[in-house]
Every structure is written in structure tokens, then in C-alpha cells.
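What's in my_file-v3.txt: compact mmCIF, N, CA and C atoms
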# COMPACT_ATOMS: atom_id res chain seq x y z
N MET A 1 104.53 116.17 -34.04
CA MET A 1 103.70 117.33 -34.33
C MET A 1 104.33 118.22 -35.40
N ALA A 2 105.59 118.59 -35.20
CA ALA A 2 106.25 119.48 -36.16
C ALA A 2 106.74 118.67 -37.37
N ASP A 3 106.71 119.31 -38.50
CA ASP A 3 107.21 118.70 -39.73
C ASP A 3 108.69 119.01 -39.84
N ASN A 4 109.53 118.04 -39.49
CA ASN A 4 110.98 118.27 -39.46
C ASN A 4 111.52 118.64 -40.83
N ASN A 5 110.96 118.09 -41.89
CA ASN A 5 111.38 118.42 -43.24
C ASN A 5 111.08 119.89 -43.54
N PHE A 6 109.91 120.36 -43.16
CA PHE A 6 109.53 121.76 -43.33
C PHE A 6 110.52 122.64 -42.56
N PHE A 7 110.76 122.31 -41.30
CA PHE A 7 111.67 123.10 -40.47
C PHE A 7 113.06 123.15 -41.11
N GLU A 8 113.53 122.03 -41.62
CA GLU A 8 114.88 122.02 -42.21
C GLU A 8 114.93 122.90 -43.45
N LYS A 9 113.87 122.92 -44.25
CA LYS A 9 113.82 123.82 -45.41
C LYS A 9 113.90 125.28 -44.95
N VAL A 10 113.22 125.59 -43.86
CA VAL A 10 113.26 126.95 -43.29
C VAL A 10 114.69 127.29 -42.87
N TYR A 11 115.35 126.34 -42.21
CA TYR A 11 116.70 126.61 -41.71
C TYR A 11 117.70 126.79 -42.86
N VAL A 12 117.51 126.06 -43.96
CA VAL A 12 118.39 126.22 -45.13
C VAL A 12 118.32 127.66 -45.62
N ILE A 13 117.11 128.21 -45.69
CA ILE A 13 116.95 129.61 -46.13
C ILE A 13 117.52 130.56 -45.08
N ALA A 14 117.17 130.34 -43.82
CA ALA A 14 117.61 131.26 -42.75
C ALA A 14 119.13 131.36 -42.69
N ARG A 15 119.80 130.23 -42.92
CA ARG A 15 121.28 130.25 -42.87
C ARG A 15 121.88 131.09 -43.99
N GLN A 16 121.10 131.41 -45.02
CA GLN A 16 121.60 132.19 -46.15
C GLN A 16 121.43 133.70 -45.95
N ILE A 17 120.69 134.12 -44.93
CA ILE A 17 120.45 135.55 -44.74
C ILE A 17 121.80 136.22 -44.44
N PRO A 18 122.18 137.19 -45.27
CA PRO A 18 123.49 137.82 -45.07
C PRO A 18 123.56 138.65 -43.78
N PHE A 19 124.77 138.79 -43.27
CA PHE A 19 125.04 139.66 -42.12
C PHE A 19 124.52 141.06 -42.44
N GLY A 20 123.82 141.66 -41.49
CA GLY A 20 123.32 143.01 -41.68
C GLY A 20 122.03 143.10 -42.49
N ARG A 21 121.42 141.98 -42.76
CA ARG A 21 120.17 141.95 -43.52
C ARG A 21 119.13 141.16 -42.74
N VAL A 22 117.86 141.34 -43.08
CA VAL A 22 116.76 140.61 -42.45
C VAL A 22 115.80 140.16 -43.52
N THR A 23 114.97 139.20 -43.17
CA THR A 23 113.88 138.78 -44.05
C THR A 23 112.66 138.53 -43.18
N SER A 24 111.56 138.15 -43.80
CA SER A 24 110.32 137.94 -43.05
C SER A 24 109.92 136.47 -43.05
N TYR A 25 109.05 136.13 -42.12
CA TYR A 25 108.52 134.77 -42.05
C TYR A 25 107.84 134.41 -43.37
N GLY A 26 107.05 135.35 -43.89
CA GLY A 26 106.33 135.11 -45.13
C GLY A 26 107.24 134.94 -46.33
N ALA A 27 108.33 135.71 -46.37
CA ALA A 27 109.27 135.58 -47.50
C ALA A 27 109.94 134.22 -47.49
N ILE A 28 110.25 133.71 -46.31
CA ILE A 28 110.83 132.37 -46.22
C ILE A 28 109.80 131.33 -46.64
N ALA A 29 108.56 131.47 -46.16
CA ALA A 29 107.51 130.52 -46.53
C ALA A 29 107.33 130.48 -48.04
N LYS A 30 107.31 131.65 -48.66
CA LYS A 30 107.15 131.73 -50.12
C LYS A 30 108.33 131.07 -50.82
N ALA A 31 109.54 131.29 -50.31
CA ALA A 31 110.75 130.75 -50.94
C ALA A 31 110.78 129.22 -50.93
N ILE A 32 110.17 128.61 -49.91
CA ILE A 32 110.19 127.15 -49.85
C ILE A 32 108.93 126.54 -50.45
N GLY A 33 108.11 127.38 -51.08
CA GLY A 33 106.93 126.86 -51.77
C GLY A 33 105.74 126.62 -50.87
N ALA A 34 105.70 127.32 -49.73
CA ALA A 34 104.60 127.16 -48.78
C ALA A 34 104.10 128.55 -48.37
N ALA A 35 103.67 129.33 -49.35
CA ALA A 35 103.38 130.75 -49.16
C ALA A 35 102.44 131.07 -48.01
N ARG A 36 101.56 130.17 -47.66
CA ARG A 36 100.60 130.45 -46.59
C ARG A 36 101.06 129.93 -45.22
N SER A 37 102.34 129.65 -45.10
CA SER A 37 102.83 129.01 -43.88
C SER A 37 103.77 129.89 -43.06
N ALA A 38 103.56 131.20 -43.09
CA ALA A 38 104.42 132.12 -42.33
C ALA A 38 104.44 131.77 -40.84
N ARG A 39 103.29 131.39 -40.30
CA ARG A 39 103.23 131.05 -38.88
C ARG A 39 104.09 129.82 -38.57
N MET A 40 104.08 128.84 -39.47
CA MET A 40 104.93 127.66 -39.28
C MET A 40 106.41 128.03 -39.34
N VAL A 41 106.75 129.00 -40.18
CA VAL A 41 108.14 129.49 -40.21
C VAL A 41 108.49 130.07 -38.84
N GLY A 42 107.56 130.78 -38.26
CA GLY A 42 107.77 131.31 -36.91
C GLY A 42 108.01 130.21 -35.90
N TYR A 43 107.23 129.13 -36.00
CA TYR A 43 107.44 127.99 -35.09
C TYR A 43 108.83 127.39 -35.30
N ALA A 44 109.26 127.32 -36.55
CA ALA A 44 110.60 126.78 -36.85
C ALA A 44 111.67 127.68 -36.24
N MET A 45 111.49 129.00 -36.35
CA MET A 45 112.47 129.92 -35.76
C MET A 45 112.51 129.76 -34.25
N ASN A 46 111.35 129.61 -33.63
CA ASN A 46 111.31 129.43 -32.17
C ASN A 46 112.02 128.15 -31.76
N ALA A 47 111.95 127.13 -32.60
CA ALA A 47 112.57 125.84 -32.28
C ALA A 47 114.08 125.83 -32.57
N SER A 48 114.59 126.89 -33.17
CA SER A 48 115.98 126.89 -33.61
C SER A 48 116.95 127.53 -32.63
N HIS A 49 116.48 127.96 -31.50
CA HIS A 49 117.32 128.77 -30.62
C HIS A 49 118.52 128.04 -30.02
N ASN A 50 118.54 126.74 -30.08
CA ASN A 50 119.73 126.00 -29.63
C ASN A 50 120.64 125.65 -30.79
N MET A 51 120.30 126.15 -31.98
CA MET A 51 121.08 125.88 -33.18
C MET A 51 121.88 127.13 -33.50
N GLY A 52 123.14 127.14 -33.15
CA GLY A 52 123.97 128.33 -33.30
C GLY A 52 124.16 128.79 -34.73
N ASP A 53 123.90 127.92 -35.70
CA ASP A 53 124.12 128.30 -37.09
C ASP A 53 122.87 128.84 -37.78
N VAL A 54 121.77 128.99 -37.04
CA VAL A 54 120.53 129.53 -37.62
C VAL A 54 120.32 130.93 -37.03
N PRO A 55 120.50 131.98 -37.84
CA PRO A 55 120.37 133.35 -37.33
C PRO A 55 118.91 133.79 -37.22
N ALA A 56 118.21 133.22 -36.25
CA ALA A 56 116.78 133.50 -36.10
C ALA A 56 116.50 134.98 -35.84
N HIS A 57 117.47 135.70 -35.30
CA HIS A 57 117.26 137.13 -35.03
C HIS A 57 117.09 137.94 -36.31
N ARG A 58 117.45 137.38 -37.46
CA ARG A 58 117.32 138.08 -38.73
C ARG A 58 115.97 137.85 -39.40
N VAL A 59 115.05 137.17 -38.72
CA VAL A 59 113.73 136.90 -39.28
C VAL A 59 112.70 137.67 -38.46
N VAL A 60 111.97 138.57 -39.15
CA VAL A 60 111.02 139.45 -38.49
C VAL A 60 109.68 139.39 -39.25
N ASN A 61 108.70 140.14 -38.78
CA ASN A 61 107.44 140.10 -39.50
C ASN A 61 107.51 140.98 -40.74
N ARG A 62 106.46 140.96 -41.54
CA ARG A 62 106.49 141.62 -42.86
C ARG A 62 106.58 143.14 -42.77
N LYS A 63 106.40 143.69 -41.58
CA LYS A 63 106.51 145.14 -41.41
C LYS A 63 107.82 145.53 -40.73
N GLY A 64 108.66 144.54 -40.45
CA GLY A 64 109.93 144.84 -39.80
C GLY A 64 109.87 144.89 -38.29
N LEU A 65 108.82 144.32 -37.72
CA LEU A 65 108.68 144.28 -36.26
C LEU A 65 109.36 143.04 -35.69
N LEU A 66 109.97 143.20 -34.53
CA LEU A 66 110.65 142.09 -33.87
C LEU A 66 109.64 141.27 -33.08
N THR A 67 108.74 140.60 -33.78
CA THR A 67 107.67 139.86 -33.13
C THR A 67 108.18 138.61 -32.42
N GLY A 68 109.35 138.12 -32.78
CA GLY A 68 109.88 136.91 -32.15
C GLY A 68 110.78 137.18 -30.96
N LYS A 69 110.91 138.42 -30.54
CA LYS A 69 111.90 138.77 -29.53
C LYS A 69 111.66 138.09 -28.18
N PHE A 70 110.43 137.71 -27.89
CA PHE A 70 110.14 137.10 -26.60
C PHE A 70 110.66 135.67 -26.50
N HIS A 71 111.09 135.12 -27.62
CA HIS A 71 111.60 133.76 -27.63
C HIS A 71 113.12 133.71 -27.47
N PHE A 72 113.73 134.88 -27.31
CA PHE A 72 115.17 134.95 -27.08
C PHE A 72 115.43 135.12 -25.60
N ASP A 73 116.58 134.59 -25.14
CA ASP A 73 116.97 134.82 -23.75
C ASP A 73 117.27 136.30 -23.57
N GLY A 74 116.82 136.86 -22.47
CA GLY A 74 117.07 138.28 -22.22
C GLY A 74 116.06 139.14 -22.96
N THR A 75 115.71 140.24 -22.36
CA THR A 75 114.65 141.09 -22.88
C THR A 75 114.94 141.66 -24.25
N ASN A 76 116.17 142.08 -24.49
CA ASN A 76 116.50 142.78 -25.72
C ASN A 76 117.53 142.07 -26.57
N LEU A 77 117.71 140.76 -26.39
CA LEU A 77 118.76 140.05 -27.11
C LEU A 77 118.58 140.13 -28.62
N MET A 78 117.37 139.95 -29.12
CA MET A 78 117.15 140.00 -30.56
C MET A 78 117.57 141.36 -31.11
N GLN A 79 117.15 142.42 -30.42
CA GLN A 79 117.51 143.78 -30.85
C GLN A 79 119.02 143.98 -30.78
N GLN A 80 119.65 143.51 -29.72
CA GLN A 80 121.11 143.67 -29.57
C GLN A 80 121.85 142.95 -30.70
N LEU A 81 121.40 141.75 -31.05
CA LEU A 81 122.04 141.01 -32.14
C LEU A 81 121.92 141.77 -33.45
N LEU A 82 120.76 142.34 -33.71
CA LEU A 82 120.56 143.12 -34.94
C LEU A 82 121.41 144.39 -34.91
N GLU A 83 121.46 145.06 -33.77
CA GLU A 83 122.25 146.28 -33.67
C GLU A 83 123.74 145.99 -33.85
N ASN A 84 124.17 144.80 -33.44
CA ASN A 84 125.57 144.39 -33.66
C ASN A 84 125.87 144.26 -35.15
N GLU A 85 124.81 144.16 -35.97
CA GLU A 85 124.97 144.06 -37.42
C GLU A 85 124.62 145.38 -38.11
N GLU A 86 124.65 146.48 -37.32
CA GLU A 86 124.42 147.83 -37.87
C GLU A 86 122.97 148.06 -38.30
N ILE A 87 122.04 147.31 -37.72
CA ILE A 87 120.61 147.51 -38.01
C ILE A 87 120.01 148.28 -36.84
N VAL A 88 119.42 149.42 -37.12
CA VAL A 88 118.84 150.27 -36.08
C VAL A 88 117.42 149.81 -35.79
N VAL A 89 117.14 149.62 -34.50
CA VAL A 89 115.81 149.19 -34.05
C VAL A 89 115.30 150.19 -33.03
N ILE A 90 114.11 150.74 -33.27
CA ILE A 90 113.49 151.65 -32.32
C ILE A 90 112.07 151.15 -32.06
N ASP A 91 111.74 150.98 -30.78
CA ASP A 91 110.41 150.47 -30.39
C ASP A 91 110.07 149.18 -31.11
N ASN A 92 111.00 148.25 -31.15
CA ASN A 92 110.83 146.92 -31.77
C ASN A 92 110.62 146.98 -33.28
N GLN A 93 110.92 148.10 -33.90
CA GLN A 93 110.72 148.29 -35.34
C GLN A 93 112.08 148.54 -35.99
N ILE A 94 112.38 147.79 -37.06
CA ILE A 94 113.62 148.02 -37.80
C ILE A 94 113.47 149.30 -38.61
N ILE A 95 114.41 150.21 -38.44
CA ILE A 95 114.42 151.46 -39.19
C ILE A 95 115.03 151.17 -40.56
N ASP A 96 114.48 151.77 -41.61
CA ASP A 96 114.92 151.51 -42.99
C ASP A 96 114.79 150.03 -43.33
N PHE A 97 113.64 149.45 -42.96
CA PHE A 97 113.40 148.02 -43.17
C PHE A 97 113.63 147.62 -44.62
N GLU A 98 113.16 148.42 -45.57
CA GLU A 98 113.31 148.07 -46.99
C GLU A 98 114.79 147.98 -47.38
N LYS A 99 115.61 148.83 -46.81
CA LYS A 99 117.04 148.84 -47.11
C LYS A 99 117.72 147.55 -46.62
N HIS A 100 117.26 147.05 -45.49
CA HIS A 100 117.87 145.86 -44.88
C HIS A 100 117.22 144.56 -45.33
N PHE A 101 116.07 144.65 -46.01
CA PHE A 101 115.33 143.44 -46.36
C PHE A 101 116.07 142.62 -47.42
N TRP A 102 116.12 141.31 -47.18
CA TRP A 102 116.74 140.36 -48.10
C TRP A 102 115.66 139.41 -48.61
N GLU A 103 115.52 139.34 -49.92
CA GLU A 103 114.53 138.45 -50.54
C GLU A 103 115.17 137.09 -50.76
N PRO A 104 114.68 136.05 -50.10
CA PRO A 104 115.27 134.72 -50.28
C PRO A 104 115.08 134.20 -51.72
N PRO A 105 116.04 133.42 -52.19
CA PRO A 105 115.87 132.80 -53.51
C PRO A 105 114.76 131.74 -53.45
N MET A 106 114.04 131.58 -54.55
CA MET A 106 112.99 130.56 -54.60
C MET A 106 113.64 129.18 -54.71
N ASN A 107 113.26 128.29 -53.81
CA ASN A 107 113.84 126.94 -53.82
C ASN A 107 113.00 125.94 -54.59
N GLU A 108 111.71 126.26 -54.79
CA GLU A 108 110.84 125.29 -55.48
C GLU A 108 110.04 125.98 -56.54

Now that the file is in, can you turn its structure into C-alpha cells?
Amino acid sequence: MADNNFFEKVYVIARQIPFGRVTSYGAIAKAIGAARSARMVGYAMNASHNMGDVPAHRVVNRKGLLTGKFHFDGTNLMQQLLENEEIVVIDNQIIDFEKHFWEPPMNE
């Protein structure tokens, strides 16, 4: 069902997100040449939780909301991981989202 090649392209980008920065599902989709596939990027992030080298907590929606938090173990794990990187989160919203946003390089 899942396109493993697509997922791997997503993970290559996700692994590049710097400490203390975040990006969006749509920005990753655009970077891999699949601009309309933000939802598939979300599926890839959900499938990555057993992959310790993929920082899925750094991928949020285009408004800075922690929409993927329910896929992490523990109620607030995604927020705690971000706060450990000096990112302030209030009511599931990243504060100063633009300051923390990282634009992935275009791969294609």
C-alpha cells in the first residue's frame, strides 16, 4: 500500500531538519517534488516512530500546529521533544513558528 520509495525520500529530508527547527508536511512534499502530497508525508511520519534517526517531532502542519502529536507515545511527548530543543509550544501551537521554520532544500 505505502510507497516505500516516497517514504524514504521523506525520511532523507526529515533527517536534515536542524536541532531547534521545524518544517511542515507540505514543505517536505514540495522539496521531494510531490507538492500535493502533504498527507502522504504525514503517513510517512506516522510510520517512522520506530526509526530513532527520523525526528518526526520536528514536522508540523503549515500553521505550526502539532497535528501529529497523537501518534507519539504519551500525551505530550511531541511537545516535550520540541521544548527540549528550546521551541515553545502553547495549546499545541509553536510560538514564533516563522523563526523556527526550516525550508527544506529542493531535491528534484

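As for CA of Asn46 in chain A and atom N of Gly68 in chain A, they are spaced 8.9 Å apart.
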
For range 16-25 of chain A, please output as a VMD selection string all residues within 12 Å (counting only C-alpha atoms; exclusion window: fewer than 6 positions along the same chain). chain A and resid 9 to 10 31 to 32 34 to 46 53 to 68 78 81 to 88 94 to 105

Restricted to N, CA and C atoms, what would the selected residues look like written as a short mmCIF file (atom, residue, chain, number, x, y, z; two decimals), keeping the file's coordinate frame?
data_model
loop_
_atom_site.label_atom_id
_atom_site.label_comp_id
_atom_site.auth_asym_id
_atom_site.auth_seq_id
_atom_site.Cartn_x
_atom_site.Cartn_y
_atom_site.Cartn_z
N LYS A 9 113.87 122.92 -44.25
CA LYS A 9 113.82 123.82 -45.41
C LYS A 9 113.90 125.28 -44.95
N VAL A 10 113.22 125.59 -43.86
CA VAL A 10 113.26 126.95 -43.29
C VAL A 10 114.69 127.29 -42.87
N ALA A 31 109.54 131.29 -50.31
CA ALA A 31 110.75 130.75 -50.94
C ALA A 31 110.78 129.22 -50.93
N ILE A 32 110.17 128.61 -49.91
CA ILE A 32 110.19 127.15 -49.85
C ILE A 32 108.93 126.54 -50.45
N ALA A 34 105.70 127.32 -49.73
CA ALA A 34 104.60 127.16 -48.78
C ALA A 34 104.10 128.55 -48.37
N ALA A 35 103.67 129.33 -49.35
CA ALA A 35 103.38 130.75 -49.16
C ALA A 35 102.44 131.07 -48.01
N ARG A 36 101.56 130.17 -47.66
CA ARG A 36 100.60 130.45 -46.59
C ARG A 36 101.06 129.93 -45.22
N SER A 37 102.34 129.65 -45.10
CA SER A 37 102.83 129.01 -43.88
C SER A 37 103.77 129.89 -43.06
N ALA A 38 103.56 131.20 -43.09
CA ALA A 38 104.42 132.12 -42.33
C ALA A 38 104.44 131.77 -40.84
N ARG A 39 103.29 131.39 -40.30
CA ARG A 39 103.23 131.05 -38.88
C ARG A 39 104.09 129.82 -38.57
N MET A 40 104.08 128.84 -39.47
CA MET A 40 104.93 127.66 -39.28
C MET A 40 106.41 128.03 -39.34
N VAL A 41 106.75 129.00 -40.18
CA VAL A 41 108.14 129.49 -40.21
C VAL A 41 108.49 130.07 -38.84
N GLY A 42 107.56 130.78 -38.26
CA GLY A 42 107.77 131.31 -36.91
C GLY A 42 108.01 130.21 -35.90
N TYR A 43 107.23 129.13 -36.00
CA TYR A 43 107.44 127.99 -35.09
C TYR A 43 108.83 127.39 -35.30
N ALA A 44 109.26 127.32 -36.55
CA ALA A 44 110.60 126.78 -36.85
C ALA A 44 111.67 127.68 -36.24
N MET A 45 111.49 129.00 -36.35
CA MET A 45 112.47 129.92 -35.76
C MET A 45 112.51 129.76 -34.25
N ASN A 46 111.35 129.61 -33.63
CA ASN A 46 111.31 129.43 -32.17
C ASN A 46 112.02 128.15 -31.76
N ASP A 53 123.90 127.92 -35.70
CA ASP A 53 124.12 128.30 -37.09
C ASP A 53 122.87 128.84 -37.78
N VAL A 54 121.77 128.99 -37.04
CA VAL A 54 120.53 129.53 -37.62
C VAL A 54 120.32 130.93 -37.03
N PRO A 55 120.50 131.98 -37.84
CA PRO A 55 120.37 133.35 -37.33
C PRO A 55 118.91 133.79 -37.22
N ALA A 56 118.21 133.22 -36.25
CA ALA A 56 116.78 133.50 -36.10
C ALA A 56 116.50 134.98 -35.84
N HIS A 57 117.47 135.70 -35.30
CA HIS A 57 117.26 137.13 -35.03
C HIS A 57 117.09 137.94 -36.31
N ARG A 58 117.45 137.38 -37.46
CA ARG A 58 117.32 138.08 -38.73
C ARG A 58 115.97 137.85 -39.40
N VAL A 59 115.05 137.17 -38.72
CA VAL A 59 113.73 136.90 -39.28
C VAL A 59 112.70 137.67 -38.46
N VAL A 60 111.97 138.57 -39.15
CA VAL A 60 111.02 139.45 -38.49
C VAL A 60 109.68 139.39 -39.25
N ASN A 61 108.70 140.14 -38.78
CA ASN A 61 107.44 140.10 -39.50
C ASN A 61 107.51 140.98 -40.74
N ARG A 62 106.46 140.96 -41.54
CA ARG A 62 106.49 141.62 -42.86
C ARG A 62 106.58 143.14 -42.77
N LYS A 63 106.40 143.69 -41.58
CA LYS A 63 106.51 145.14 -41.41
C LYS A 63 107.82 145.53 -40.73
N GLY A 64 108.66 144.54 -40.45
CA GLY A 64 109.93 144.84 -39.80
C GLY A 64 109.87 144.89 -38.29
N LEU A 65 108.82 144.32 -37.72
CA LEU A 65 108.68 144.28 -36.26
C LEU A 65 109.36 143.04 -35.69
N LEU A 66 109.97 143.20 -34.53
CA LEU A 66 110.65 142.09 -33.87
C LEU A 66 109.64 141.27 -33.08
N THR A 67 108.74 140.60 -33.78
CA THR A 67 107.67 139.86 -33.13
C THR A 67 108.18 138.61 -32.42
N GLY A 68 109.35 138.12 -32.78
CA GLY A 68 109.88 136.91 -32.15
C GLY A 68 110.78 137.18 -30.96
N MET A 78 117.37 139.95 -29.12
CA MET A 78 117.15 140.00 -30.56
C MET A 78 117.57 141.36 -31.11
N LEU A 81 121.40 141.75 -31.05
CA LEU A 81 122.04 141.01 -32.14
C LEU A 81 121.92 141.77 -33.45
N LEU A 82 120.76 142.34 -33.71
CA LEU A 82 120.56 143.12 -34.94
C LEU A 82 121.41 144.39 -34.91
N GLU A 83 121.46 145.06 -33.77
CA GLU A 83 122.25 146.28 -33.67
C GLU A 83 123.74 145.99 -33.85
N ASN A 84 124.17 144.80 -33.44
CA ASN A 84 125.57 144.39 -33.66
C ASN A 84 125.87 144.26 -35.15
N GLU A 85 124.81 144.16 -35.97
CA GLU A 85 124.97 144.06 -37.42
C GLU A 85 124.62 145.38 -38.11
N GLU A 86 124.65 146.48 -37.32
CA GLU A 86 124.42 147.83 -37.87
C GLU A 86 122.97 148.06 -38.30
N ILE A 87 122.04 147.31 -37.72
CA ILE A 87 120.61 147.51 -38.01
C ILE A 87 120.01 148.28 -36.84
N VAL A 88 119.42 149.42 -37.12
CA VAL A 88 118.84 150.27 -36.08
C VAL A 88 117.42 149.81 -35.79
N ILE A 94 112.38 147.79 -37.06
CA ILE A 94 113.62 148.02 -37.80
C ILE A 94 113.47 149.30 -38.61
N ILE A 95 114.41 150.21 -38.44
CA ILE A 95 114.42 151.46 -39.19
C ILE A 95 115.03 151.17 -40.56
N ASP A 96 114.48 151.77 -41.61
CA ASP A 96 114.92 151.51 -42.99
C ASP A 96 114.79 150.03 -43.33
N PHE A 97 113.64 149.45 -42.96
CA PHE A 97 113.40 148.02 -43.17
C PHE A 97 113.63 147.62 -44.62
N GLU A 98 113.16 148.42 -45.57
CA GLU A 98 113.31 148.07 -46.99
C GLU A 98 114.79 147.98 -47.38
N LYS A 99 115.61 148.83 -46.81
CA LYS A 99 117.04 148.84 -47.11
C LYS A 99 117.72 147.55 -46.62
N HIS A 100 117.26 147.05 -45.49
CA HIS A 100 117.87 145.86 -44.88
C HIS A 100 117.22 144.56 -45.33
N PHE A 101 116.07 144.65 -46.01
CA PHE A 101 115.33 143.44 -46.36
C PHE A 101 116.07 142.62 -47.42
N TRP A 102 116.12 141.31 -47.18
CA TRP A 102 116.74 140.36 -48.10
C TRP A 102 115.66 139.41 -48.61
N GLU A 103 115.52 139.34 -49.92
CA GLU A 103 114.53 138.45 -50.54
C GLU A 103 115.17 137.09 -50.76
N PRO A 104 114.68 136.05 -50.10
CA PRO A 104 115.27 134.72 -50.28
C PRO A 104 115.08 134.20 -51.72
N PRO A 105 116.04 133.42 -52.19
CA PRO A 105 115.87 132.80 -53.51
C PRO A 105 114.76 131.74 -53.45
#

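Here atom N of Phe7 in chain A and atom N of Val89 in chain A stand 28.9 Å from one another.
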
Enumerate, as an MDAnalysis selection string, the complete set of residues in range 12-102 of chain A that a backbone-based DSSP assignment places in strand (DSSP E). chainID A and resid 23:24 59:60 89:90 93:94

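One finds atom C of Ile28 in chain A at 9.0 Å from atom N of Met106 in chain A.
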
Could you pull out all residues of chain A with a DSSP call of helix (DSSP H, G or I) and give them as a ChimeraX atom specification? /A:4-14,25-31,38-47,56-58,69-71,77-83,97-100

Centre and edge lengths of an axis-aligned box around all listed atoms of range 53-63 of chain A, with 6 Å added on each side, are to be given in Å to one decimal, as lines of an AutoDock Vina configuration file.
center_x = 115.3
center_y = 136.7
center_z = -38.9
size_x = 29.7
size_y = 29.6
size_z = 19.8
